[in-house]
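Note: the block below is coords-v4.cif and it holds mmCIF, C-alpha atoms.
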```
data_my_file
#
loop_
_atom_site.label_atom_id
_atom_site.label_comp_id
_atom_site.auth_asym_id
_atom_site.auth_seq_id
_atom_site.Cartn_x
_atom_site.Cartn_y
_atom_site.Cartn_z
CA MET A 1 24.83 5.79 14.20
CA VAL A 2 23.89 3.40 11.41
CA GLU A 3 25.67 4.59 8.26
CA ARG A 4 23.49 2.80 5.73
CA PRO A 5 19.77 3.02 6.51
CA VAL A 6 18.01 -0.25 5.86
CA GLY A 7 14.63 1.38 5.38
CA ALA A 8 11.49 1.30 7.51
CA GLN A 9 9.40 -1.09 5.43
CA GLU A 10 9.83 -4.12 7.68
CA TRP A 11 8.47 -2.17 10.67
CA VAL A 12 5.42 -0.73 8.88
CA PRO A 13 2.26 -2.81 9.49
CA GLY A 14 0.70 -4.11 6.32
CA ASP A 15 -2.81 -3.55 7.61
CA GLY A 16 -4.66 -1.61 10.28
CA GLY A 17 -5.26 2.11 10.52
CA LEU A 18 -3.38 5.13 11.78
CA ASP A 19 -3.49 3.91 15.39
CA GLU A 20 -1.72 0.71 14.40
CA LEU A 21 0.92 2.66 12.50
CA ARG A 22 1.43 5.00 15.45
CA ALA A 23 1.83 2.06 17.81
CA ALA A 24 4.38 0.37 15.56
CA ILE A 25 6.67 3.30 14.79
CA GLY A 26 8.28 3.23 18.21
CA GLY A 27 10.07 0.05 17.20
CA CYS A 28 11.39 1.37 13.88
CA ARG A 29 15.10 0.89 13.25
CA GLY A 30 15.04 1.83 9.58
CA CYS A 31 17.83 4.39 10.01
CA GLY A 32 20.17 5.53 12.75
CA LEU A 33 18.23 8.62 13.81
CA PHE A 34 16.28 6.67 16.44
CA GLU A 35 19.47 6.24 18.47
CA HIS A 36 19.68 9.85 19.61
CA ALA A 37 16.15 11.24 19.22
CA THR A 38 13.87 11.22 22.25
CA GLN A 39 11.08 9.48 20.36
CA PRO A 40 9.53 9.18 16.90
CA VAL A 41 6.97 11.85 16.10
CA PHE A 42 4.08 10.43 14.11
CA GLY A 43 1.41 12.44 12.34
CA ARG A 44 -1.62 13.89 14.09
CA GLY A 45 -5.08 14.71 12.82
CA PRO A 46 -8.40 13.15 11.88
CA ALA A 47 -8.46 10.01 9.74
CA ALA A 48 -11.00 11.74 7.51
CA ALA A 49 -8.72 14.74 6.84
CA ARG A 50 -9.00 16.01 3.27
CA VAL A 51 -5.70 17.90 3.54
CA VAL A 52 -2.37 16.44 4.69
CA VAL A 53 0.44 18.85 5.59
CA VAL A 54 3.94 17.36 5.33
CA GLY A 55 6.96 19.03 6.92
CA GLU A 56 10.61 18.02 7.04
CA GLN A 57 11.21 16.42 10.44
CA PRO A 58 10.43 17.02 14.11
CA GLY A 59 12.32 19.88 15.72
CA ASP A 60 13.60 20.14 19.27
CA HIS A 61 10.17 20.94 20.73
CA GLU A 62 8.42 18.23 18.75
CA ASP A 63 11.02 15.63 19.71
CA VAL A 64 10.24 16.28 23.37
CA ASP A 65 6.47 16.73 22.99
CA GLY A 66 5.92 13.79 20.63
CA GLU A 67 3.61 15.94 18.48
CA PRO A 68 4.24 17.61 15.11
CA PHE A 69 4.50 21.39 14.74
CA THR A 70 4.48 22.44 18.40
CA GLY A 71 7.52 24.73 18.29
CA PRO A 72 8.02 28.25 16.89
CA ALA A 73 7.54 27.09 13.28
CA GLY A 74 4.32 25.39 14.30
CA LYS A 75 3.04 28.55 15.93
CA LEU A 76 3.77 30.52 12.75
CA LEU A 77 2.00 27.85 10.72
CA ASP A 78 -1.02 28.08 13.03
CA ARG A 79 -1.17 31.85 12.51
CA ALA A 80 -0.98 31.47 8.73
CA LEU A 81 -3.66 28.75 8.69
CA VAL A 82 -6.04 31.04 10.54
CA GLU A 83 -5.38 33.81 8.02
CA VAL A 84 -6.26 31.62 5.06
CA GLY A 85 -9.29 30.06 6.73
CA LEU A 86 -7.93 26.55 7.33
CA ASP A 87 -8.78 24.80 10.60
CA ARG A 88 -5.75 22.95 11.99
CA GLY A 89 -8.11 20.56 13.73
CA GLU A 90 -9.37 19.36 10.34
CA LEU A 91 -5.89 18.83 8.89
CA TYR A 92 -3.48 15.92 9.27
CA LEU A 93 0.03 17.14 10.06
CA THR A 94 3.10 14.95 9.68
CA ASN A 95 6.74 14.98 8.56
CA ALA A 96 8.77 13.25 5.87
CA VAL A 97 11.21 12.04 8.56
CA LYS A 98 9.86 10.94 11.93
CA HIS A 99 12.97 11.36 14.12
CA PHE A 100 14.85 14.56 14.97
CA ARG A 101 18.27 14.90 13.31
CA PHE A 102 20.51 17.33 15.20
CA ARG A 103 24.00 18.20 16.38
CA ARG A 104 24.88 19.30 19.88
CA GLN A 105 26.23 22.76 20.59
CA GLY A 106 26.80 22.90 24.31
CA LYS A 107 23.45 22.09 25.88
CA ARG A 108 21.53 23.06 22.74
CA ARG A 109 20.42 20.68 20.02
CA ILE A 110 20.81 22.32 16.61
CA HIS A 111 18.61 21.15 13.74
CA GLU A 112 20.34 19.44 10.83
CA THR A 113 18.66 18.69 7.50
CA PRO A 114 18.03 14.95 7.11
CA ARG A 115 20.20 13.11 4.61
CA ARG A 116 18.49 11.94 1.44
CA SER A 117 19.13 8.35 2.54
CA GLU A 118 17.24 9.03 5.79
CA VAL A 119 14.32 10.55 3.90
CA VAL A 120 14.17 7.49 1.64
CA ALA A 121 14.44 5.15 4.63
CA CYS A 122 11.46 6.85 6.28
CA THR A 123 9.31 7.05 3.15
CA PRO A 124 7.35 3.85 3.91
CA TRP A 125 5.82 5.57 6.96
CA LEU A 126 4.67 8.57 4.94
CA ALA A 127 3.40 6.30 2.18
CA ALA A 128 1.41 4.31 4.74
CA GLU A 129 -0.09 7.49 6.22
CA LEU A 130 -1.23 8.72 2.81
CA ASP A 131 -2.62 5.27 2.00
CA ARG A 132 -4.71 5.17 5.18
CA LEU A 133 -5.86 8.78 4.86
CA SER A 134 -6.69 9.02 1.13
CA PRO A 135 -6.65 12.85 1.21
CA GLU A 136 -7.58 15.18 -1.61
CA THR A 137 -4.64 17.56 -1.15
CA VAL A 138 -1.08 17.24 0.11
CA VAL A 139 0.74 20.41 1.21
CA CYS A 140 4.53 20.11 1.26
CA LEU A 141 6.37 22.53 3.54
CA GLY A 142 9.95 22.92 2.38
CA ALA A 143 12.23 21.21 -0.11
CA THR A 144 12.77 18.04 1.94
CA ALA A 145 9.04 17.36 2.14
CA ALA A 146 8.52 18.26 -1.51
CA LYS A 147 11.28 15.93 -2.67
CA ALA A 148 9.96 13.13 -0.45
CA VAL A 149 6.52 13.41 -2.05
CA LEU A 150 7.39 14.47 -5.61
CA GLY A 151 10.85 12.99 -6.17
CA PRO A 152 14.46 14.13 -5.69
CA SER A 153 14.57 16.21 -8.88
CA PHE A 154 11.71 18.48 -7.79
CA LYS A 155 12.69 22.16 -7.52
CA LEU A 156 10.64 24.00 -4.94
CA THR A 157 11.82 27.42 -6.08
CA GLU A 158 10.29 26.82 -9.52
CA HIS A 159 6.91 25.51 -8.37
CA ARG A 160 6.05 26.92 -4.94
CA GLY A 161 2.45 28.06 -4.67
CA GLU A 162 1.39 26.08 -7.74
CA GLU A 163 -1.32 23.43 -7.86
CA LEU A 164 0.33 20.21 -9.07
CA ARG A 165 -1.22 16.91 -10.14
CA PRO A 166 1.55 14.27 -10.15
CA ASP A 167 1.07 11.12 -12.19
CA ASP A 168 3.36 9.01 -10.04
CA GLY A 169 5.07 8.95 -6.67
CA LEU A 170 3.52 9.06 -3.20
CA ALA A 171 0.89 11.61 -4.22
CA ALA A 172 -0.07 10.17 -7.60
CA GLY A 173 -3.55 11.38 -8.52
CA LEU A 174 -3.70 13.84 -5.64
CA ARG A 175 -3.56 17.61 -5.63
CA VAL A 176 -0.21 18.88 -4.32
CA VAL A 177 0.75 22.39 -3.25
CA THR A 178 4.32 23.20 -2.22
CA THR A 179 5.72 26.13 -0.26
CA VAL A 180 8.59 26.91 2.08
CA HIS A 181 8.82 25.50 5.57
CA PRO A 182 7.63 27.99 8.21
CA SER A 183 11.07 27.80 9.83
CA ALA A 184 12.44 29.42 6.66
CA VAL A 185 10.07 32.34 7.24
CA LEU A 186 11.41 32.70 10.77
CA ARG A 187 14.99 32.83 9.43
CA ALA A 188 14.25 35.23 6.56
CA PRO A 189 15.97 38.67 6.60
CA ASP A 190 12.62 40.27 5.73
CA ARG A 191 10.26 38.17 7.80
CA ASP A 192 7.15 40.21 6.97
CA SER A 193 7.64 39.76 3.24
CA ALA A 194 8.47 36.07 3.62
CA TYR A 195 5.39 35.54 5.76
CA ALA A 196 3.15 37.31 3.21
CA ASP A 197 4.50 35.03 0.46
CA PHE A 198 3.94 31.98 2.66
CA VAL A 199 0.33 32.97 3.30
CA ALA A 200 -0.18 33.59 -0.42
CA ASP A 201 1.02 30.06 -1.16
CA LEU A 202 -1.32 28.56 1.45
CA LYS A 203 -4.27 30.42 -0.05
CA VAL A 204 -3.94 28.10 -3.05
CA VAL A 205 -4.88 25.21 -0.78
#
```
Show me the file's structure as structure tokens.
Amino acid sequence: MVERPVGAQEWVPGDGGLDELRAAIGGCRGCGLFEHATQPVFGRGPAAARVVVVGEQPGDHEDVDGEPFTGPAGKLLDRALVEVGLDRGELYLTNAVKHFRFRRQGKRRIHETPRRSEVVACTPWLAAELDRLSPETVVCLGATAAKAVLGPSFKLTEHRGEELRPDDGLAAGLRVVTTVHPSAVLRAPDRDSAYADFVADLKVV
């Protein structure tokens, strides 16, 4: 695996829309994650989406399916979106990192949090998505997504569920809401309580 990511910028088209970005990402060699992942997982949703939801990275299901949020965390997110009155079909869903980072445990592939260097290397793709979409609101699911959008010093625990208006960074001038990743709800000791808090955060959107 490449130890020092070179960054994705040289593979990101300078013009064109989401279709052109999606077509180009298959050739990205901005970090070493492409070597072991099945495929890159680009965002999905309408180009006119007013709300962009950003997660961490594809999981095992998403890596195989080629679509974001198709696994257990995605199903929990779908349930929560229905509860707060948001239509997934009107949202654009993507991730801060487009390839699955994992370690093998027997036949299983176990999720590993992307390195900061890998998040930075992949940032040009997320920046290009936000540029093409021009949304009103960005929802960050989890600390990795929040730090990708709002900077490495951002503390999710201090600001989850708040409406933020950053002056700089990827979401400068946009409305940003941060919360935990739905996978954290699935891992929580008290899942019912964690889910209720997650839904409460999404209601801010």
Which region 6-63 of chain A residues have any atom within 10 Å of an atom of region 113-133 of chain A, and for each, what is the nearest pair of atoms with distance in Å to one decimal, counting all atoms listed in the file, rows sorted by chain and number, as JSON lines?
```
{"residue": "A:Val6", "atom": "CA", "partner": "A:Ala121", "partner_atom": "CA", "distance": 6.6}
{"residue": "A:Gly7", "atom": "CA", "partner": "A:Ala121", "partner_atom": "CA", "distance": 3.8}
{"residue": "A:Ala8", "atom": "CA", "partner": "A:Ala121", "partner_atom": "CA", "distance": 5.6}
{"residue": "A:Gln9", "atom": "CA", "partner": "A:Pro124", "partner_atom": "CA", "distance": 5.6}
{"residue": "A:Glu10", "atom": "CA", "partner": "A:Pro124", "partner_atom": "CA", "distance": 9.2}
{"residue": "A:Trp11", "atom": "CA", "partner": "A:Trp125", "partner_atom": "CA", "distance": 9.0}
{"residue": "A:Val12", "atom": "CA", "partner": "A:Trp125", "partner_atom": "CA", "distance": 6.6}
{"residue": "A:Pro13", "atom": "CA", "partner": "A:Ala128", "partner_atom": "CA", "distance": 8.6}
{"residue": "A:Gly14", "atom": "CA", "partner": "A:Ala128", "partner_atom": "CA", "distance": 8.6}
{"residue": "A:Asp15", "atom": "CA", "partner": "A:Arg132", "partner_atom": "CA", "distance": 9.2}
{"residue": "A:Gly16", "atom": "CA", "partner": "A:Arg132", "partner_atom": "CA", "distance": 8.5}
{"residue": "A:Gly17", "atom": "CA", "partner": "A:Arg132", "partner_atom": "CA", "distance": 6.2}
{"residue": "A:Leu18", "atom": "CA", "partner": "A:Arg132", "partner_atom": "CA", "distance": 6.7}
{"residue": "A:Leu21", "atom": "CA", "partner": "A:Trp125", "partner_atom": "CA", "distance": 7.9}
{"residue": "A:Arg22", "atom": "CA", "partner": "A:Trp125", "partner_atom": "CA", "distance": 9.6}
{"residue": "A:Ile25", "atom": "CA", "partner": "A:Trp125", "partner_atom": "CA", "distance": 8.2}
{"residue": "A:Cys28", "atom": "CA", "partner": "A:Cys122", "partner_atom": "CA", "distance": 9.4}
{"residue": "A:Arg29", "atom": "CA", "partner": "A:Ala121", "partner_atom": "CA", "distance": 9.6}
{"residue": "A:Gly30", "atom": "CA", "partner": "A:Ala121", "partner_atom": "CA", "distance": 6.0}
{"residue": "A:Cys31", "atom": "CA", "partner": "A:Glu118", "partner_atom": "CA", "distance": 6.3}
{"residue": "A:Gly32", "atom": "CA", "partner": "A:Glu118", "partner_atom": "CA", "distance": 8.3}
{"residue": "A:Leu33", "atom": "CA", "partner": "A:Glu118", "partner_atom": "CA", "distance": 8.1}
{"residue": "A:Phe42", "atom": "CA", "partner": "A:Trp125", "partner_atom": "CA", "distance": 8.8}
{"residue": "A:Gly43", "atom": "CA", "partner": "A:Glu129", "partner_atom": "CA", "distance": 8.0}
{"residue": "A:Gly45", "atom": "CA", "partner": "A:Leu133", "partner_atom": "CA", "distance": 10.0}
{"residue": "A:Pro46", "atom": "CA", "partner": "A:Leu133", "partner_atom": "CA", "distance": 8.7}
{"residue": "A:Ala47", "atom": "CA", "partner": "A:Leu133", "partner_atom": "CA", "distance": 5.7}
{"residue": "A:Ala48", "atom": "CA", "partner": "A:Leu133", "partner_atom": "CA", "distance": 6.5}
{"residue": "A:Ala49", "atom": "CA", "partner": "A:Leu133", "partner_atom": "CA", "distance": 6.9}
{"residue": "A:Arg50", "atom": "CA", "partner": "A:Leu133", "partner_atom": "CA", "distance": 8.0}
{"residue": "A:Val51", "atom": "CA", "partner": "A:Leu133", "partner_atom": "CA", "distance": 9.2}
{"residue": "A:Val52", "atom": "CA", "partner": "A:Leu130", "partner_atom": "CA", "distance": 8.0}
{"residue": "A:Val54", "atom": "CA", "partner": "A:Leu126", "partner_atom": "CA", "distance": 8.8}
{"residue": "A:Glu56", "atom": "CA", "partner": "A:Pro114", "partner_atom": "CA", "distance": 8.0}
{"residue": "A:Gln57", "atom": "CA", "partner": "A:Pro114", "partner_atom": "CA", "distance": 7.7}
```
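In this model, the gap between CA of Glu112 (chain A) and CA of Asp201 (chain A) comes to 25.1 Å.
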Evaluate the PyMOL selection byres ((chain A and resi 65) around 12) and record the selected residues as an NGL selection string, following the chain and residue labels used in the document. :A and (37-42 or 58-64 or 66-71 or 100)
For C-alpha atoms, I'd like the residues from the last selection saved as a compact mmCIF listing (two decimals), in the coordinates of the input.
```
# COMPACT_ATOMS: atom_id res chain seq x y z
CA ALA A 37 16.15 11.24 19.22
CA THR A 38 13.87 11.22 22.25
CA GLN A 39 11.08 9.48 20.36
CA PRO A 40 9.53 9.18 16.90
CA VAL A 41 6.97 11.85 16.10
CA PHE A 42 4.08 10.43 14.11
CA PRO A 58 10.43 17.02 14.11
CA GLY A 59 12.32 19.88 15.72
CA ASP A 60 13.60 20.14 19.27
CA HIS A 61 10.17 20.94 20.73
CA GLU A 62 8.42 18.23 18.75
CA ASP A 63 11.02 15.63 19.71
CA VAL A 64 10.24 16.28 23.37
CA GLY A 66 5.92 13.79 20.63
CA GLU A 67 3.61 15.94 18.48
CA PRO A 68 4.24 17.61 15.11
CA PHE A 69 4.50 21.39 14.74
CA THR A 70 4.48 22.44 18.40
CA GLY A 71 7.52 24.73 18.29
CA PHE A 100 14.85 14.56 14.97
```
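For the pair CA of Asp192 (chain A) and CA of His111 (chain A), the interatomic distance is 23.2 Å.
Each of A:Ala24, A:Arg44, A:Arg160, A:Ser134 was compared to Gly173 (chain A) using only C-alpha atoms, and A:Ser134 turns out to be the nearest.
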Got a sec: who's within 10 Å of region 148-159 of chain A, counting only C-alpha atoms, leaving out chain neighbours fewer than 3 positions off, as a ChimeraX atom specification? /A:54-56,95-97,116,119-120,122-123,126-127,138-145,162-164,166-172,176-180
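Taking CA of Val205 (chain A) as the reference point, CA of Thr137 (chain A) is found at 7.7 Å.
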Point (0.6, 34.3, 2.3), cut-off 12 Å, counting only C-alpha atoms, residues as a short mmCIF file (atom, residue, chain, number, x, y, z; two decimals) with C-alpha atoms, in the coordinates of the input:
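The file below, part20.cif, is the result:
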```cif
data_model
loop_
_atom_site.label_atom_id
_atom_site.label_comp_id
_atom_site.auth_asym_id
_atom_site.auth_seq_id
_atom_site.Cartn_x
_atom_site.Cartn_y
_atom_site.Cartn_z
CA LEU A 76 3.77 30.52 12.75
CA LEU A 77 2.00 27.85 10.72
CA ARG A 79 -1.17 31.85 12.51
CA ALA A 80 -0.98 31.47 8.73
CA LEU A 81 -3.66 28.75 8.69
CA VAL A 82 -6.04 31.04 10.54
CA GLU A 83 -5.38 33.81 8.02
CA VAL A 84 -6.26 31.62 5.06
CA GLY A 85 -9.29 30.06 6.73
CA ARG A 160 6.05 26.92 -4.94
CA GLY A 161 2.45 28.06 -4.67
CA THR A 179 5.72 26.13 -0.26
CA VAL A 180 8.59 26.91 2.08
CA PRO A 182 7.63 27.99 8.21
CA VAL A 185 10.07 32.34 7.24
CA ARG A 191 10.26 38.17 7.80
CA ASP A 192 7.15 40.21 6.97
CA SER A 193 7.64 39.76 3.24
CA ALA A 194 8.47 36.07 3.62
CA TYR A 195 5.39 35.54 5.76
CA ALA A 196 3.15 37.31 3.21
CA ASP A 197 4.50 35.03 0.46
CA PHE A 198 3.94 31.98 2.66
CA VAL A 199 0.33 32.97 3.30
CA ALA A 200 -0.18 33.59 -0.42
CA ASP A 201 1.02 30.06 -1.16
CA LEU A 202 -1.32 28.56 1.45
CA LYS A 203 -4.27 30.42 -0.05
CA VAL A 204 -3.94 28.10 -3.05
CA VAL A 205 -4.88 25.21 -0.78
#
```
